[in-house]
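Source file: target.cif (mmCIF, C-alpha atoms)
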data_input
#
loop_
_atom_site.group_PDB
_atom_site.id
_atom_site.type_symbol
_atom_site.label_atom_id
_atom_site.label_comp_id
_atom_site.auth_asym_id
_atom_site.auth_seq_id
_atom_site.Cartn_x
_atom_site.Cartn_y
_atom_site.Cartn_z
ATOM 1 C CA MET A 268 2.986 67.328 -77.547
ATOM 2 C CA LYS A 269 1.816 70.003 -79.965
ATOM 3 C CA GLN A 270 0.746 73.469 -78.832
ATOM 4 C CA ALA A 271 -2.976 72.748 -79.358
ATOM 5 C CA GLU A 272 -2.781 69.552 -77.284
ATOM 6 C CA PHE A 273 -0.872 71.397 -74.572
ATOM 7 C CA LEU A 274 -3.506 74.135 -74.426
ATOM 8 C CA ASN A 275 -6.296 71.543 -74.231
ATOM 9 C CA VAL A 276 -4.585 69.908 -71.252
ATOM 10 C CA VAL A 277 -3.467 73.035 -69.372
ATOM 11 C CA MET A 278 -6.140 75.686 -70.009
ATOM 12 C CA PRO A 279 -8.942 74.014 -67.990
ATOM 13 C CA PHE A 280 -6.976 74.403 -64.734
ATOM 14 C CA LYS A 281 -5.043 77.614 -65.476
ATOM 15 C CA ASP A 282 -7.402 79.663 -63.278
ATOM 16 C CA LYS A 283 -6.890 77.261 -60.369
ATOM 17 C CA LEU A 284 -3.143 77.821 -60.632
ATOM 18 C CA TYR A 285 -3.725 81.571 -60.512
ATOM 19 C CA ARG A 286 -6.083 81.386 -57.518
ATOM 20 C CA LEU A 287 -3.618 79.261 -55.543
ATOM 21 C CA ALA A 288 -0.790 81.643 -56.427
ATOM 22 C CA LYS A 289 -2.896 84.647 -55.426
ATOM 23 C CA ARG A 290 -3.844 83.030 -52.119
ATOM 24 C CA LEU A 291 -0.190 82.429 -51.292
ATOM 25 C CA LEU A 292 1.363 85.587 -52.750
ATOM 26 C CA VAL A 293 -1.607 87.963 -52.171
ATOM 27 C CA SER A 294 -0.544 90.400 -54.891
ATOM 28 C CA ARG A 295 -2.459 90.034 -58.139
ATOM 29 C CA GLU A 296 0.614 90.934 -60.197
ATOM 30 C CA GLU A 297 2.814 88.426 -58.372
ATOM 31 C CA ALA A 298 0.175 85.728 -58.855
ATOM 32 C CA GLU A 299 -0.042 86.485 -62.580
ATOM 33 C CA ASP A 300 3.749 86.305 -62.866
ATOM 34 C CA ALA A 301 3.835 83.024 -60.960
ATOM 35 C CA THR A 302 1.110 81.537 -63.163
ATOM 36 C CA GLN A 303 2.990 82.554 -66.308
ATOM 37 C CA GLU A 304 6.194 81.087 -64.916
ATOM 38 C CA ILE A 305 4.480 77.765 -64.168
ATOM 39 C CA LEU A 306 2.910 77.654 -67.632
ATOM 40 C CA LEU A 307 6.353 78.244 -69.165
ATOM 41 C CA LYS A 308 7.837 75.465 -67.030
ATOM 42 C CA LEU A 309 5.007 73.149 -68.063
ATOM 43 C CA TRP A 310 5.591 74.003 -71.735
ATOM 44 C CA SER A 311 9.291 73.221 -71.345
ATOM 45 C CA LYS A 312 8.278 69.787 -70.003
ATOM 46 C CA ASN A 313 5.611 69.209 -72.659
ATOM 47 C CA GLU A 314 7.503 66.300 -74.245
ATOM 48 C CA SER A 315 7.491 64.332 -70.988
ATOM 49 C CA MET A 316 4.027 65.406 -69.847
ATOM 50 C CA GLU A 317 2.361 62.114 -70.833
ATOM 51 C CA GLN A 318 4.306 60.324 -68.073
ATOM 52 C CA TYR A 319 2.379 62.216 -65.368
ATOM 53 C CA LYS A 320 -0.832 60.558 -64.221
ATOM 54 C CA ASN A 321 -2.408 63.853 -63.213
ATOM 55 C CA VAL A 322 -0.980 66.916 -64.957
ATOM 56 C CA GLU A 323 -3.244 69.230 -62.935
ATOM 57 C CA ALA A 324 -1.939 67.876 -59.629
ATOM 58 C CA PHE A 325 1.619 68.191 -60.931
ATOM 59 C CA ALA A 326 0.981 71.815 -61.969
ATOM 60 C CA MET A 327 -0.654 72.670 -58.632
ATOM 61 C CA THR A 328 2.347 71.206 -56.785
ATOM 62 C CA MET A 329 4.697 73.219 -59.010
ATOM 63 C CA THR A 330 2.666 76.361 -58.274
ATOM 64 C CA LYS A 331 2.683 75.733 -54.522
ATOM 65 C CA ASN A 332 6.443 75.151 -54.484
ATOM 66 C CA PHE A 333 7.168 78.125 -56.733
ATOM 67 C CA CYS A 334 5.079 80.474 -54.562
ATOM 68 C CA LEU A 335 6.619 79.220 -51.333
ATOM 69 C CA ASP A 336 10.081 79.704 -52.846
ATOM 70 C CA ARG A 337 9.107 83.263 -53.854
ATOM 71 C CA LEU A 338 7.924 84.007 -50.337
ATOM 72 C CA LYS A 339 11.183 82.707 -48.880
ATOM 73 C CA SER A 340 13.349 84.597 -51.343
ATOM 74 C CA LYS A 341 14.666 88.088 -50.891
ATOM 75 C CA GLN A 342 12.039 89.308 -53.334
ATOM 76 C CA ALA A 343 9.374 88.475 -50.761
ATOM 77 C CA SER A 344 10.173 91.641 -48.870
ATOM 78 C CA ASN A 345 9.287 93.580 -52.011
ATOM 79 C CA LEU A 346 5.875 91.958 -52.486
ATOM 80 C CA LYS A 347 3.099 94.500 -52.541
ATOM 81 C CA LEU A 348 -0.239 93.838 -50.921
ATOM 82 C CA VAL A 349 -2.594 94.689 -53.743
ATOM 83 C CA HIS A 350 -6.206 93.641 -53.506
ATOM 84 C CA SER A 351 -8.415 93.448 -56.554
ATOM 85 C CA ASN A 352 -11.573 95.468 -56.717
ATOM 86 C CA TYR A 353 -14.647 93.300 -56.949
ATOM 87 C CA SER A 354 -17.327 95.098 -58.938
ATOM 88 C CA ASP A 355 -20.795 94.081 -59.979
ATOM 89 C CA GLU A 356 -22.862 96.734 -61.715
ATOM 90 C CA SER A 357 -26.214 95.154 -60.826
ATOM 91 C CA ASN A 358 -25.715 95.547 -57.067
ATOM 92 C CA SER A 359 -26.336 98.703 -55.151
ATOM 93 C CA LEU A 360 -23.308 100.560 -53.881
ATOM 94 C CA GLN A 361 -24.025 99.428 -50.318
ATOM 95 C CA LYS A 362 -24.166 95.730 -51.255
ATOM 96 C CA GLN A 363 -21.055 96.121 -53.360
ATOM 97 C CA LEU A 364 -19.159 97.685 -50.462
ATOM 98 C CA GLU A 365 -20.362 94.966 -48.088
ATOM 99 C CA ALA A 366 -19.306 92.247 -50.516
ATOM 100 C CA GLU A 367 -15.874 93.820 -50.962
ATOM 101 C CA ASP A 368 -15.499 94.138 -47.206
ATOM 102 C CA SER A 369 -16.462 90.496 -46.674
ATOM 103 C CA VAL A 370 -14.059 89.253 -49.339
ATOM 104 C CA GLN A 371 -11.230 91.391 -47.971
ATOM 105 C CA TRP A 372 -12.019 90.266 -44.427
ATOM 106 C CA MET A 373 -11.888 86.588 -45.475
ATOM 107 C CA GLU A 374 -8.618 87.184 -47.325
ATOM 108 C CA ARG A 375 -7.155 88.835 -44.222
ATOM 109 C CA ILE A 376 -8.261 85.951 -42.010
ATOM 110 C CA MET A 377 -6.856 83.374 -44.440
ATOM 111 C CA GLU A 378 -3.559 85.282 -44.718
ATOM 112 C CA GLU A 379 -3.102 84.926 -40.962
ATOM 113 C CA LEU A 380 -3.504 81.139 -41.025
ATOM 114 C CA PRO A 381 -0.415 78.921 -40.881
ATOM 115 C CA GLU A 382 0.840 78.069 -44.388
ATOM 116 C CA GLN A 383 -0.377 74.457 -44.301
ATOM 117 C CA GLN A 384 -3.874 75.369 -43.085
ATOM 118 C CA LYS A 385 -4.075 78.153 -45.672
ATOM 119 C CA MET A 386 -3.240 75.760 -48.516
ATOM 120 C CA VAL A 387 -5.585 73.000 -47.311
ATOM 121 C CA LEU A 388 -8.469 75.480 -46.930
ATOM 122 C CA GLN A 389 -7.773 76.984 -50.366
ATOM 123 C CA LEU A 390 -7.611 73.605 -52.099
ATOM 124 C CA ARG A 391 -10.630 72.094 -50.346
ATOM 125 C CA ASP A 392 -13.095 74.951 -49.912
ATOM 126 C CA VAL A 393 -12.137 77.279 -52.753
ATOM 127 C CA GLU A 394 -10.818 74.917 -55.425
ATOM 128 C CA GLN A 395 -13.099 72.003 -54.426
ATOM 129 C CA TYR A 396 -10.361 69.349 -54.457
ATOM 130 C CA GLU A 397 -11.041 65.927 -52.956
ATOM 131 C CA PHE A 398 -9.172 64.899 -49.807
ATOM 132 C CA GLU A 399 -7.149 62.291 -51.709
ATOM 133 C CA GLU A 400 -5.977 64.925 -54.211
ATOM 134 C CA ILE A 401 -4.989 67.299 -51.403
ATOM 135 C CA CYS A 402 -3.037 64.515 -49.674
ATOM 136 C CA GLU A 403 -1.174 63.863 -52.913
ATOM 137 C CA LEU A 404 -0.549 67.542 -53.699
ATOM 138 C CA LEU A 405 0.687 68.497 -50.252
ATOM 139 C CA ASP A 406 2.301 65.151 -49.428
ATOM 140 C CA MET A 407 0.234 64.782 -46.257
ATOM 141 C CA LYS A 408 -1.634 61.931 -44.591
ATOM 142 C CA PRO A 409 -5.461 62.068 -44.780
ATOM 143 C CA THR A 410 -5.740 62.576 -41.023
ATOM 144 C CA ALA A 411 -3.345 65.518 -41.141
ATOM 145 C CA VAL A 412 -5.341 67.109 -43.990
ATOM 146 C CA ARG A 413 -8.611 66.749 -42.061
ATOM 147 C CA VAL A 414 -7.075 68.175 -38.883
ATOM 148 C CA ALA A 415 -5.531 71.128 -40.746
ATOM 149 C CA LEU A 416 -8.832 71.827 -42.519
ATOM 150 C CA SER A 417 -10.779 71.576 -39.274
ATOM 151 C CA ARG A 418 -8.410 73.946 -37.485
ATOM 152 C CA ALA A 419 -8.453 76.409 -40.378
ATOM 153 C CA ARG A 420 -12.248 76.446 -40.528
ATOM 154 C CA LYS A 421 -12.465 76.831 -36.751
ATOM 155 C CA THR A 422 -10.104 79.815 -36.817
ATOM 156 C CA VAL A 423 -12.011 81.437 -39.686
ATOM 157 C CA ARG A 424 -15.327 80.857 -37.897
ATOM 158 C CA GLN A 425 -14.006 82.339 -34.638
ATOM 159 C CA GLU A 426 -12.626 85.408 -36.409
ATOM 160 C CA LEU A 427 -15.885 85.970 -38.294
ATOM 161 C CA VAL A 428 -17.927 85.631 -35.087
ATOM 162 C CA LYS A 429 -15.572 88.076 -33.408
ATOM 163 C CA LYS A 430 -15.971 90.541 -36.304
ATOM 164 C CA HIS A 431 -19.744 90.306 -36.376
ATOM 165 C CA SER A 432 -20.095 90.409 -32.595
ATOM 166 C CA TYR A 433 -17.714 93.239 -31.883
ATOM 167 C CA GLY A 434 -17.291 95.032 -35.168
ATOM 168 C CA ILE A 435 -14.009 95.595 -36.911
ATOM 169 C CA GLY A 436 -11.262 95.945 -34.375
#

Show me, as structure tokens, the structure contained in the file I just sent.
Amino acid sequence: MKQAEFLNVVMPFKDKLYRLAKRLLVSREEAEDATQEILLKLWSKNESMEQYKNVEAFAMTMTKNFCLDRLKSKQASNLKLVHSNYSDESNSLQKQLEAEDSVQWMERIMEELPEQQKMVLQLRDVEQYEFEEICELLDMKPTAVRVALSRARKTVRQELVKKHSYGIG
């Protein structure tokens, strides 16, 4: 596979790889490093890439495994919690601060979820994957995916209700 072909195959889902890595690793820098590492691994396998039915699913699985390995490694203790600033010039300062607070609050809630629920919620609600794709990526049965998603959404809903009812605590 030539470089142009490789880019045509990989570039459409590169941002999804980054978002999954960022959800798992939290740090923007770590997520960027992980994404680069996965792209390098994919490039090294470019000759055999035609044998994969779904290169995107393969890349997402590689990203998930790489990030989980990073979290388990000794380097995980050195990971920095760095949150990106979300800016939009058209909004007033108040709306911008509220939006940043909401995004950070959701990230905090999702970080507290069990690993499996976190990944299912990320893939389904953020990345818009179908249930069948999630089952394949995470090697789970459809029922288990639905239960994990339901539990994750319930936890997020409860935490948001708690925040809005009682304020930040």

Quiz prompt | Residues returned when the PyMOL selection byres ((chain A and resi 328-338) around 12) runs on this file, as a PyMOL selection string | solution = chain A and resi 280-294+297-309+321-327+339-347+382-383+385-387+389-390+400-406

Self-check item: Atomic distance CA of Phe398 in chain A - CA of Gln384 in chain A, expressed in Å with one decimal
Solution: 13.5 Å

Quiz prompt | Option closest in space to Lys269 in chain A, from A:Lys408, A:Lys312, A:Arg418, A:Arg295 [counting all atoms listed in the file] | solution = A:Lys312

Practice problem: Might you spell out which residues the PyMOL selection byres ((chain A and resi 270) around 12) would select in the displayed file, as a ChimeraX atom specification? | Solution: /A:268-269,271-278,309-311,313-314

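CA of Lys430 in chain A to CA of Glu296 in chain A spans 29.1 Å [interatomic distance, one decimal].
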
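Between Arg424 in chain A and the candidates A:Tyr396, A:Lys320, A:Glu367, A:Trp372, the tightest atom-to-atom separation, counting only C-alpha atoms, involves A:Trp372.
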
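Interatomic distance, CA of Ile376 in chain A to CA of Gln425 in chain A: 10.0 Å.
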
Might I get the box with edges along x, y and z of the file that holds all atoms of range 319-324 of chain A listed there, padded by 6 Å on every side, given as centre and edge lengths in Å to one decimal, as lines of an AutoDock Vina configuration file?
center_x = -0.4
center_y = 64.9
center_z = -62.5
size_x = 17.6
size_y = 20.7
size_z = 17.7

N, CA, C and O atoms of range 403-428 of chain A, written as an mmCIF file, in the first residue's frame:
data_model
loop_
_atom_site.group_PDB
_atom_site.id
_atom_site.type_symbol
_atom_site.label_atom_id
_atom_site.label_comp_id
_atom_site.auth_asym_id
_atom_site.auth_seq_id
_atom_site.Cartn_x
_atom_site.Cartn_y
_atom_site.Cartn_z
ATOM 1 N N GLU A 403 -17.742 -6.107 18.537
ATOM 2 C CA GLU A 403 -16.550 -6.597 17.853
ATOM 3 C C GLU A 403 -15.280 -5.972 18.435
ATOM 4 O O GLU A 403 -14.306 -6.669 18.736
ATOM 5 N N LEU A 404 -15.316 -4.641 18.622
ATOM 6 C CA LEU A 404 -14.142 -3.929 19.127
ATOM 7 C C LEU A 404 -13.744 -4.365 20.528
ATOM 8 O O LEU A 404 -12.570 -4.533 20.825
ATOM 9 N N LEU A 405 -14.742 -4.518 21.393
ATOM 10 C CA LEU A 405 -14.455 -4.807 22.795
ATOM 11 C C LEU A 405 -14.564 -6.293 23.128
ATOM 12 O O LEU A 405 -14.400 -6.680 24.284
ATOM 13 N N ASP A 406 -14.881 -7.092 22.112
ATOM 14 C CA ASP A 406 -15.023 -8.538 22.300
ATOM 15 C C ASP A 406 -16.031 -8.835 23.419
ATOM 16 O O ASP A 406 -15.725 -9.521 24.392
ATOM 17 N N MET A 407 -17.229 -8.266 23.248
ATOM 18 C CA MET A 407 -18.297 -8.432 24.233
ATOM 19 C C MET A 407 -19.554 -8.920 23.528
ATOM 20 O O MET A 407 -19.735 -8.700 22.338
ATOM 21 N N LYS A 408 -20.441 -9.548 24.296
ATOM 22 C CA LYS A 408 -21.736 -9.963 23.766
ATOM 23 C C LYS A 408 -22.652 -8.741 23.722
ATOM 24 O O LYS A 408 -22.506 -7.818 24.533
ATOM 25 N N PRO A 409 -23.621 -8.725 22.783
ATOM 26 C CA PRO A 409 -24.525 -7.573 22.668
ATOM 27 C C PRO A 409 -25.234 -7.226 23.983
ATOM 28 O O PRO A 409 -25.379 -6.056 24.328
ATOM 29 N N THR A 410 -25.655 -8.235 24.707
ATOM 30 C CA THR A 410 -26.340 -7.990 25.983
ATOM 31 C C THR A 410 -25.416 -7.279 26.963
ATOM 32 O O THR A 410 -25.826 -6.334 27.645
ATOM 33 N N ALA A 411 -24.171 -7.706 27.016
ATOM 34 C CA ALA A 411 -23.205 -7.095 27.927
ATOM 35 C C ALA A 411 -22.945 -5.636 27.549
ATOM 36 O O ALA A 411 -22.809 -4.779 28.430
ATOM 37 N N VAL A 412 -22.897 -5.347 26.240
ATOM 38 C CA VAL A 412 -22.691 -3.969 25.784
ATOM 39 C C VAL A 412 -23.878 -3.104 26.209
ATOM 40 O O VAL A 412 -23.700 -2.005 26.749
ATOM 41 N N ARG A 413 -25.087 -3.603 26.001
ATOM 42 C CA ARG A 413 -26.285 -2.833 26.365
ATOM 43 C C ARG A 413 -26.358 -2.597 27.873
ATOM 44 O O ARG A 413 -26.706 -1.505 28.317
ATOM 45 N N VAL A 414 -26.015 -3.602 28.651
ATOM 46 C CA VAL A 414 -26.040 -3.455 30.113
ATOM 47 C C VAL A 414 -24.990 -2.435 30.554
ATOM 48 O O VAL A 414 -25.272 -1.553 31.377
ATOM 49 N N ALA A 415 -23.777 -2.545 30.009
ATOM 50 C CA ALA A 415 -22.712 -1.605 30.379
ATOM 51 C C ALA A 415 -23.090 -0.172 29.999
ATOM 52 O O ALA A 415 -22.882 0.769 30.784
ATOM 53 N N LEU A 416 -23.676 -0.007 28.810
ATOM 54 C CA LEU A 416 -24.095 1.320 28.365
ATOM 55 C C LEU A 416 -25.202 1.865 29.260
ATOM 56 O O LEU A 416 -25.171 3.026 29.676
ATOM 57 N N SER A 417 -26.157 1.014 29.588
ATOM 58 C CA SER A 417 -27.263 1.427 30.447
ATOM 59 C C SER A 417 -26.756 1.856 31.824
ATOM 60 O O SER A 417 -27.157 2.900 32.357
ATOM 61 N N ARG A 418 -25.860 1.078 32.383
ATOM 62 C CA ARG A 418 -25.310 1.403 33.706
ATOM 63 C C ARG A 418 -24.490 2.693 33.659
ATOM 64 O O ARG A 418 -24.545 3.512 34.577
ATOM 65 N N ALA A 419 -23.721 2.857 32.593
ATOM 66 C CA ALA A 419 -22.909 4.070 32.457
ATOM 67 C C ALA A 419 -23.800 5.302 32.349
ATOM 68 O O ALA A 419 -23.574 6.314 33.026
ATOM 69 N N ARG A 420 -24.820 5.221 31.514
ATOM 70 C CA ARG A 420 -25.734 6.356 31.353
ATOM 71 C C ARG A 420 -26.469 6.659 32.662
ATOM 72 O O ARG A 420 -26.667 7.822 33.008
ATOM 73 N N LYS A 421 -26.857 5.611 33.371
ATOM 74 C CA LYS A 421 -27.563 5.803 34.641
ATOM 75 C C LYS A 421 -26.658 6.523 35.643
ATOM 76 O O LYS A 421 -27.090 7.459 36.322
ATOM 77 N N THR A 422 -25.410 6.105 35.723
ATOM 78 C CA THR A 422 -24.462 6.735 36.640
ATOM 79 C C THR A 422 -24.252 8.201 36.272
ATOM 80 O O THR A 422 -24.275 9.076 37.133
ATOM 81 N N VAL A 423 -24.061 8.466 34.975
ATOM 82 C CA VAL A 423 -23.857 9.839 34.517
ATOM 83 C C VAL A 423 -25.084 10.681 34.853
ATOM 84 O O VAL A 423 -24.965 11.796 35.379
ATOM 85 N N ARG A 424 -26.264 10.144 34.582
ATOM 86 C CA ARG A 424 -27.511 10.868 34.865
ATOM 87 C C ARG A 424 -27.626 11.181 36.361
ATOM 88 O O ARG A 424 -27.930 12.307 36.753
ATOM 89 N N GLN A 425 -27.361 10.191 37.200
ATOM 90 C CA GLN A 425 -27.447 10.395 38.651
ATOM 91 C C GLN A 425 -26.461 11.460 39.119
ATOM 92 O O GLN A 425 -26.809 12.302 39.949
ATOM 93 N N GLU A 426 -25.251 11.428 38.601
ATOM 94 C CA GLU A 426 -24.239 12.406 39.007
ATOM 95 C C GLU A 426 -24.612 13.811 38.543
ATOM 96 O O GLU A 426 -24.390 14.786 39.260
ATOM 97 N N LEU A 427 -25.178 13.918 37.331
ATOM 98 C CA LEU A 427 -25.595 15.230 36.843
ATOM 99 C C LEU A 427 -26.762 15.773 37.656
ATOM 100 O O LEU A 427 -26.796 16.961 37.989
ATOM 101 N N VAL A 428 -27.722 14.907 37.995
ATOM 102 C CA VAL A 428 -28.854 15.335 38.827
ATOM 103 C C VAL A 428 -28.338 15.800 40.180
ATOM 104 O O VAL A 428 -28.755 16.836 40.709
#
